[in-house]
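Engineer: If you scroll down you'll find the structure; I have some questions about it.
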Amino acid sequence: MANRQQPSSMPIHKYGRYDQVDIPDRTWPNQRITQAPRWLSTDLRDGNQALIDPMSPERKRRMFDQLVKMGYKEIEVGFPASGQTDFDFVRSIIEEPGAIPDDVTISVLTQAREDLIERTVESLKGAKRATVHLYNATAPVFRRVVFRGSKDDIKQIAVDGTRLVMEYAEKLLGPETEFGYQYSPEIFTDTELDFALEVCEAVMDVYQPGPGREIILNLPATVERSTPSTHADRFEWMGRNLTRREYVCLSVHPHNDRGTAVAAAELALMAGADRIEGCLFGQGERTGNVDLVTLGMNLFSQGVDPQIDFSDIDEIRRTWEYCNQMEVHPRHPYVGDLVYTSFSGSHQDAIKKGFDAMEADAAAKGVTVDDIEWAVPYLPIDPKDVGRSYEAVIRVNSQSGKGGVAYVLKNDHKLDLPRRMQIEFSKIIQAKTDAEGGEVTGSDIWAVFQDEYLPNPANPWGRIQVRNGQSTTDTDGVDTLRVEATVDGEDTVLTGSGNGPISAFFDALAKVGIDARLLDYQEHTMSEGASAQAASYIECAIDDKVLWGIGIDANTTRASLKAVVSAVNRAAR
Ligand SMILES: CC(=O)SCCNC(=O)CCNC(=O)[C@H](O)C(C)(C)COP(=O)(O)OP(=O)(O)OC[C@H]1O[C@@H](n2cnc3c(N)ncnc32)[C@H](O)[C@@H]1OP(=O)(O)O
Ligand SMILES: CC(C)C(=O)C(=O)O
């Protein structure tokens, strides 16, 4: 097939290709992610520094408590040397007994400048577990433009910074603090791999990681520049070439400039990374840090425990929106308002069939639907697992079909319409959506359904209204029926006989000139227990029309007679 795209006038000459890694024996494509990585939330640092209005102490605290509640064990709480707000926040959580659970490590970021390092370490006094995170950019353009130095000068910044962190930690922190160290060659993605390795090795020569003395080497995609596969190659290369690998926690910190941060993080894990830094819902500089919620839920949806609690995703989202003063997009994976909703007919049809099949499979196994593997088309996870209801799963507009309308009636009103009746009713809804546009809500659908099929005692409609009826069955199995009714405005008594109450009723109707023939009949209970209601559906040929009626009653015979009345009245409408 020919590709008919034409060259554009975009200035492509301004951009160069990103170098690939020469690693033909790469192993990461064959790896599987079978357990959750170590997570670090940097909502309070990288997320916060990207806000128009950085979080107030109160908003920071709400976010911190939320992260703790969700189960994050490593939380970057700020950049204490940036100013009083961050410094005081760090002090406040350290000084308040119990604010930082014993198994949570807080982390703080600093540039490699002595005054900033001193202030940073000072902020951690009294903490039980704390990590200082030092960074300096190592990429060519930063060496040339920002630091105006050689490779050795840049390496020296990292080496001196590391030594200063160790000295100030020794001087300012007591034995009560379990102290950790993290180094990031910022802009790792644009740094020559051998130079990034050289700087990391030089930092390790100073810090001397070893048994019981881990170093976190965090290799940031400060600006995302390559495909996730090349990012993974770079992680595999670093993992292979770093000395003292067993004492290194290899950490990934993707930003989302190309929109592939989640994939970059996942592939880096396959390539050997141990830890992921990111923010909830992808907050962070420019297009954001990698989204920790999507990553965690991706694991969950593959049957891997994310070790983070997402069971009330809307509460997490509300806290996030309050703290960041931003809104989550309606299409955001796993959490957006619309992500568990289908409007289109073929999706709705498959979803309804999927739910029905789940129920049938569970019943056949004698278990509940929660005990069997999730297999509903178009829904990668069960919305209930993140605290969502099924109400929004199907919403109806002009793109919808019978499955969606049927799903709403079943879900909201326990009415499981026969297939041909679904088609009939969906045409009625389709006419409404075509005429009026927009969405038809569940209550709109119910109002149309009631008006179309059910009696309205306040405003009776149709040819017949039935009041009382008795049916008797003789020993030959012949049913005789006597019904008090109003037919065409006249009170009358209808009598008829047949081989069941429905055929007896048809016989009675024939005597007043109504020619009805049964084509199909279905019924089901709508609830369990003594007060259970039954729904009967009857498809009739009435004169030259074929149409459905429904009856709802605690008694199945009455329900079926009501269904006949519903069909007869509709035929005359
Ligand atoms: C990728 C990232 O997210 S990194 C984290 C970025 N976060 C932040 O910057 C938020 C907090 N930052 C701040 O509040 C301020 O930048 C401060 C308080 C830390 C420092 O402010 P200032 O002293 O005014 O310096 P400024 O931020 O302009 O830094 C630029 C200077 O620091 C140097 N510098 C930048 N990064 C580093 C580093 N990691 N290590 C050492 N020096 C650095 C620059 O070369 C420049 O030096 P120059 O003035 O000699 O040219
Ligand atoms: C400080 C580093 C890790 C950072 O935030 C980045 O490079 O994006």
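Ligands are numbered from 1 in the order shown, chains are lettered A, B, ... in the order of the structure tokens, and residues start at 1 in each chain.
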Residues within 12 Å of A:Val466, please, as a list of chain:residue names. Count only C-alpha atoms; anything in the same chain fewer than 5 positions from it doesn't count.
Structural biologist: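 Non-adjacent residues within range: A:Pro455, A:Pro457, A:Pro460, A:Trp461, A:Arg482, A:Val483, A:Glu484, A:Ala485, A:Thr486, A:Val487, A:Asp488, A:Gly489, A:Glu490, A:Asp491, A:Thr492, A:Val493, A:Leu494, A:Phe505, A:Leu509, A:Arg558, A:Ala559, A:Leu561, A:Lys562, A:Ala563, A:Val564, A:Val565, A:Ser566, A:Val568, A:Asn569.
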Engineer: What do you get as a PyMOL selection string if you pick all residues at most 6 Å from ligand 2, counting only C-alpha atoms and all ligand atoms?
Structural biologist: chain A and resi 46+135+184+186-187+220+222
Engineer: Distance limit 10 Å, reference ligand 1, atoms considered: only C-alpha atoms and all ligand atoms. Which residues make the cut? Give them as number ranges by chain.
Structural biologist: A: 45-50, 78-84, 86, 109-117, 134-138, 142-143, 145-149, 154, 157-158, 160-161, 184-187, 220-223, 253, 255, 284-285, 289
Engineer: How many Å separate atom CA of A:Val376 from atom CA of A:Gly303?
Structural biologist: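 Here the two named atoms are 15.5 Å from each other.
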Engineer: Under the rule of at most 12 Å, produce a per-residue listing of stretch 369-482 of chain A near stretch 541-547 of chain A: chain, number, name, the closest pair of atoms, and the distance in Å, as a Markdown table, using only C-alpha atoms.
Structural biologist:
| residue | atom | partner | partner_atom | distance |
| --- | --- | --- | --- | --- |
| A:Arg420 | CA | A:Leu547 | CA | 9.3 |
| A:Met421 | CA | A:Leu547 | CA | 8.1 |
| A:Gln422 | CA | A:Leu547 | CA | 11.4 |
| A:Ile423 | CA | A:Leu547 | CA | 10.9 |
| A:Glu424 | CA | A:Leu547 | CA | 7.9 |
| A:Phe425 | CA | A:Leu547 | CA | 10.1 |
| A:Glu452 | CA | A:Leu547 | CA | 11.5 |
| A:Tyr453 | CA | A:Leu547 | CA | 10.6 |
Engineer: Give me a file of those residues, with N, CA, C and O atoms, as a PDB file, in the first residue's frame.
Structural biologist:
ATOM      1  N   ARG A 420     -34.194  -9.109  21.294  1.00  0.00           N
ATOM      2  CA  ARG A 420     -34.974  -8.340  20.305  1.00  0.00           C
ATOM      3  C   ARG A 420     -35.651  -7.140  20.955  1.00  0.00           C
ATOM      4  O   ARG A 420     -35.868  -6.120  20.323  1.00  0.00           O
ATOM      5  N   MET A 421     -35.955  -7.259  22.241  1.00  0.00           N
ATOM      6  CA  MET A 421     -36.541  -6.101  22.929  1.00  0.00           C
ATOM      7  C   MET A 421     -35.463  -5.008  23.137  1.00  0.00           C
ATOM      8  O   MET A 421     -35.745  -3.814  23.061  1.00  0.00           O
ATOM      9  N   GLN A 422     -34.214  -5.453  23.366  1.00  0.00           N
ATOM     10  CA  GLN A 422     -33.110  -4.477  23.462  1.00  0.00           C
ATOM     11  C   GLN A 422     -33.034  -3.674  22.171  1.00  0.00           C
ATOM     12  O   GLN A 422     -32.870  -2.454  22.177  1.00  0.00           O
ATOM     13  N   ILE A 423     -33.155  -4.388  21.045  1.00  0.00           N
ATOM     14  CA  ILE A 423     -33.061  -3.703  19.740  1.00  0.00           C
ATOM     15  C   ILE A 423     -34.214  -2.706  19.595  1.00  0.00           C
ATOM     16  O   ILE A 423     -34.028  -1.556  19.208  1.00  0.00           O
ATOM     17  N   GLU A 424     -35.407  -3.168  19.996  1.00  0.00           N
ATOM     18  CA  GLU A 424     -36.583  -2.294  19.881  1.00  0.00           C
ATOM     19  C   GLU A 424     -36.407  -1.030  20.728  1.00  0.00           C
ATOM     20  O   GLU A 424     -36.591   0.093  20.257  1.00  0.00           O
ATOM     21  N   PHE A 425     -36.016  -1.227  21.997  1.00  0.00           N
ATOM     22  CA  PHE A 425     -35.935  -0.066  22.887  1.00  0.00           C
ATOM     23  C   PHE A 425     -34.767   0.841  22.504  1.00  0.00           C
ATOM     24  O   PHE A 425     -34.854   2.067  22.593  1.00  0.00           O
ATOM     25  N   GLU A 452     -42.700   4.353  27.795  1.00  0.00           N
ATOM     26  CA  GLU A 452     -42.937   3.520  26.624  1.00  0.00           C
ATOM     27  C   GLU A 452     -43.661   2.215  26.979  1.00  0.00           C
ATOM     28  O   GLU A 452     -44.528   1.759  26.248  1.00  0.00           O
ATOM     29  N   TYR A 453     -43.293   1.610  28.120  1.00  0.00           N
ATOM     30  CA  TYR A 453     -43.753   0.235  28.377  1.00  0.00           C
ATOM     31  C   TYR A 453     -44.649   0.054  29.603  1.00  0.00           C
ATOM     32  O   TYR A 453     -45.341  -0.944  29.711  1.00  0.00           O
TER      33      TYR A 453
END
Engineer: Give me every strand (DSSP E or B) residue in stretch 350-488 of chain A, going by DSSP on the backbone, as a ChimeraX atom specification.
Structural biologist: /A:394,396,440,464-473,479-487
Engineer: Check the DSSP output for the backbone and give back, as a PyMOL selection string, the residues of stretch 410-485 of chain A in alpha helix (DSSP H).
Structural biologist: chain A and resi 410-413+419-436+442-453
Engineer: Go ahead and write the residues just picked, C-alpha atoms, as a compact mmCIF listing (two decimals), in the first residue's frame.
Structural biologist:
# COMPACT_ATOMS: atom_id res chain seq x y z
CA LYS A 410 -29.94 -4.19 33.99
CA ASN A 411 -27.50 -2.38 36.23
CA ASP A 412 -29.88 0.29 37.52
CA HIS A 413 -33.22 -1.55 37.44
CA ARG A 419 -32.22 -9.38 22.79
CA ARG A 420 -34.97 -8.34 20.31
CA MET A 421 -36.54 -6.10 22.93
CA GLN A 422 -33.11 -4.48 23.46
CA ILE A 423 -33.06 -3.70 19.74
CA GLU A 424 -36.58 -2.29 19.88
CA PHE A 425 -35.93 -0.07 22.89
CA SER A 426 -32.51 1.06 21.72
CA LYS A 427 -34.11 2.44 18.52
CA ILE A 428 -36.39 4.55 20.70
CA ILE A 429 -33.38 5.90 22.62
CA GLN A 430 -31.44 6.37 19.37
CA ALA A 431 -34.29 8.53 18.02
CA LYS A 432 -34.03 10.67 21.15
CA THR A 433 -30.24 11.08 20.98
CA ASP A 434 -30.38 11.86 17.25
CA ALA A 435 -33.06 14.46 17.84
CA GLU A 436 -31.65 16.07 20.97
CA GLY A 442 -29.61 6.58 33.32
CA SER A 443 -32.62 8.42 34.70
CA ASP A 444 -33.52 9.73 31.21
CA ILE A 445 -33.42 6.15 29.90
CA TRP A 446 -35.61 4.95 32.74
CA ALA A 447 -38.11 7.76 32.18
CA VAL A 448 -38.35 6.86 28.47
CA PHE A 449 -38.68 3.18 29.33
CA GLN A 450 -41.45 3.78 31.86
CA ASP A 451 -43.29 6.02 29.46
CA GLU A 452 -42.94 3.52 26.62
CA TYR A 453 -43.75 0.23 28.38
Engineer: A:Gln470, A:Thr85, A:Gln283, A:Ser346: which is nearest A:Met326, counting only C-alpha atoms?
Structural biologist: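 Of all the options, A:Gln283 lies closest to A:Met326.
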Engineer: Fewer than 2 positions away in the same chain doesn't count, so skip those; otherwise give me all residues within 8 Å of A:Ala261, counting only C-alpha atoms, as an MDAnalysis selection string.
Structural biologist: chainID A and resid 224 228 254:259 263:265 289:291
Engineer: Tell me, as number ranges by chain, which residues lie within 6 Å of stretch 231-246 of chain A, counting only C-alpha atoms; anything in the same chain fewer than 2 positions away does not count.
Structural biologist: A: 228-229, 248, 267-268, 271
Engineer: As an exercise, work out the distance from atom CA of A:Ser226 to atom CA of A:Val262 in Å and give it to one decimal place.
Structural biologist: 13.0 Å
Engineer: Between atom CA of A:Ser150 and atom CA of A:Val199, measure the distance and give it in Å to one decimal.
Structural biologist: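 If I compute the distance from atom CA of A:Ser150 to atom CA of A:Val199, I get 12.6 Å.
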Engineer: Compile the contact shell of A:Ser301 as a ChimeraX atom specification: residues with an atom at most 7 Å away, counting only C-alpha atoms, same-chain residues fewer than 3 positions apart removed.
Structural biologist: /A:297-298,380-381
Engineer: Quick one: write out the picked residues with N, CA and C atoms as a PDB file, in the first residue's frame?
Structural biologist:
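What follows is the written file selection.pdb:
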ATOM      1  N   MET A 297      -0.393   0.920  38.952  1.00  0.00           N
ATOM      2  CA  MET A 297      -1.599   0.239  38.463  1.00  0.00           C
ATOM      3  C   MET A 297      -1.276  -0.688  37.291  1.00  0.00           C
ATOM      4  N   ASN A 298      -0.265  -0.348  36.495  1.00  0.00           N
ATOM      5  CA  ASN A 298       0.152  -1.270  35.422  1.00  0.00           C
ATOM      6  C   ASN A 298       0.618  -2.595  36.024  1.00  0.00           C
ATOM      7  N   PRO A 380      -9.550  -2.739  31.316  1.00  0.00           N
ATOM      8  CA  PRO A 380      -8.330  -3.449  31.704  1.00  0.00           C
ATOM      9  C   PRO A 380      -8.322  -3.876  33.164  1.00  0.00           C
ATOM     10  N   ILE A 381      -9.023  -3.132  34.013  1.00  0.00           N
ATOM     11  CA  ILE A 381      -9.162  -3.581  35.406  1.00  0.00           C
ATOM     12  C   ILE A 381     -10.620  -3.415  35.830  1.00  0.00           C
TER      13      ILE A 381
END
